[in-house]
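Undergrad: Before I ask anything, let me first share the structure, which is written out below as structure tokens.
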2 protein chains.
Amino acid sequence: MRDVAEVFNLLGDPTRVRIVDALTHGERCVCDLASLVGLSESAVSHQLRLLRAARLVRVRRAGRLAFYALDDHHVVGLLRDTCRHVEEEPRA
Amino acid sequence: MRDVAEVFNLLGDPTRVRIVDALTHGERCVCDLASLVGLSESAVSHQLRLLRAARLVRVRRAGRLAFYALDDHHVVGLLRDTCRHVEEEPRA
DNA sequence: TTGACATCTGCACACTTGCTCATGTATTCA
DNA sequence: TGAATACATGAGCAAGTGTGCAGATGTCAA
């Protein structure tokens, strides 16, 4: 149950959700992700490190670029279901 | 997308996941939840307040007791899917 | 080689978070 | 009424977290 909380916790950060969301459309390199989420490449790299450690994303290196992609068929479902929840239940 | 992260963040704490997990078996009062998760009633009440604000749980008052229950048909699914994920993909 | 580029990582710091403690409110029972 | 119970809430603190900065590594092109 602690591991469950850890997965949720990784997705419980705006930056990381935006990264994961961006990756649902296909693999992206770090600099593209950085411009997509509007943060420094350093910050994105730090977050990708966490997502990588939890095996939520995988990396494919091509020259000096590092392409990240989702490494989990459940994450897309979790994200989709939660988006649906948020849309259905408007916050007070 | 920020709201999505907020839902994940709420489920991303061991105490709150245990509370939600306990509530999947039916409604519980605060003191029962406190003994189930092994924390003070104050601590549990604080967390329930957050879950309540996000409409993940609802409260039914009966005398001096407050019975909490899941107020979201998605949460059970999220919890189940994530449990499955954790079991399928053992951490390194 | 030299330089530019893409990424990673250690460190520091501001900020957040979950808990305990103390107190307050509301209900029940004697 | 008074005391006990169940819960809620605000303050404060220790611990954790995300980010920028600086520097290191590795790659490509000239």
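Ordering of the structure tokens sets the chain letters (A, B, ...); residue numbers start at 1 within each chain; ligands are numbered from 1 in the order shown.
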Could you list, as a count of residues only, every residue within 10 Å of region 41-55 of chain B, counting only C-alpha atoms (C1' of nucleotides) and ignoring same-chain residues fewer than 4 positions away?

TA: 36

Undergrad: As a PyMOL selection string, please: the residues near Val76 (chain B) (cut-off 12 Å, only C-alpha atoms (C1' of nucleotides), same-chain neighbours under 2 positions excluded).

TA: (chain A and resi 78+81-82+85) or (chain B and resi 11+17+20-26+56-57+69-74+78-83)

Undergrad: Run DSSP on the backbone and give me the residues of chain B it puts in strand (DSSP E), as a ChimeraX atom specification.

TA: /B:28-29,57-62,65-70

Undergrad: Using only C-alpha atoms (C1' of nucleotides), can you tell me which of B:Arg60, B:Val75, B:Arg18, B:Asn9 comes closest to chain C?

TA: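 Smallest distance to chain C is found for B:Asn9.
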
Undergrad: Interatomic distance between C1' of DG26 (chain D) and C1' of DA4 (chain C)?

TA: 12.8 Å

Undergrad: Within 12 Å of chain A, which residues belong to chain C? Use only C-alpha atoms (C1' of nucleotides) and report them as a PyMOL selection string.

TA: chain C and resi 4-10

Undergrad: Using DSSP on the backbone coordinates, identify the residues of chain A assigned to alpha helix (DSSP H); present them as a PyMOL selection string.

TA: chain A and resi 2-11+14-23+30-37+41-53+73-88

Undergrad: Which residues of chain D are close to chain A, meaning at most 9 Å apart when you count only C-alpha atoms (C1' of nucleotides), and how do they look as a ChimeraX atom specification?

TA: /D:18-20,26-28

Undergrad: So how many Å separate CA of Met1 (chain A) and CA of Arg84 (chain B), to one decimal?

TA: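 CA of Arg84 (chain B) lies 11.1 Å from CA of Met1 (chain A).
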
Undergrad: Can you work out which one of A:Glu88, A:Phe67, A:Leu36, A:Glu27 has the shortest atom-to-atom distance to chain B, counting only C-alpha atoms?

TA: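 Smallest distance to chain B is found for A:Glu88.
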
Undergrad: Just how far from CA of Arg61 (chain A) is C1' of DA30 (chain D), in Å to one decimal?

TA: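 C1' of DA30 (chain D) sits 23.8 Å away from CA of Arg61 (chain A).
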
Undergrad: When distances are computed from only C-alpha atoms (C1' of nucleotides), which of D:DC21, D:DA15, D:DG10, D:DA4 shows the smallest separation from DT23 (chain C)?

TA: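 Among the listed residues, the smallest separation from DT23 (chain C) belongs to D:DG10.
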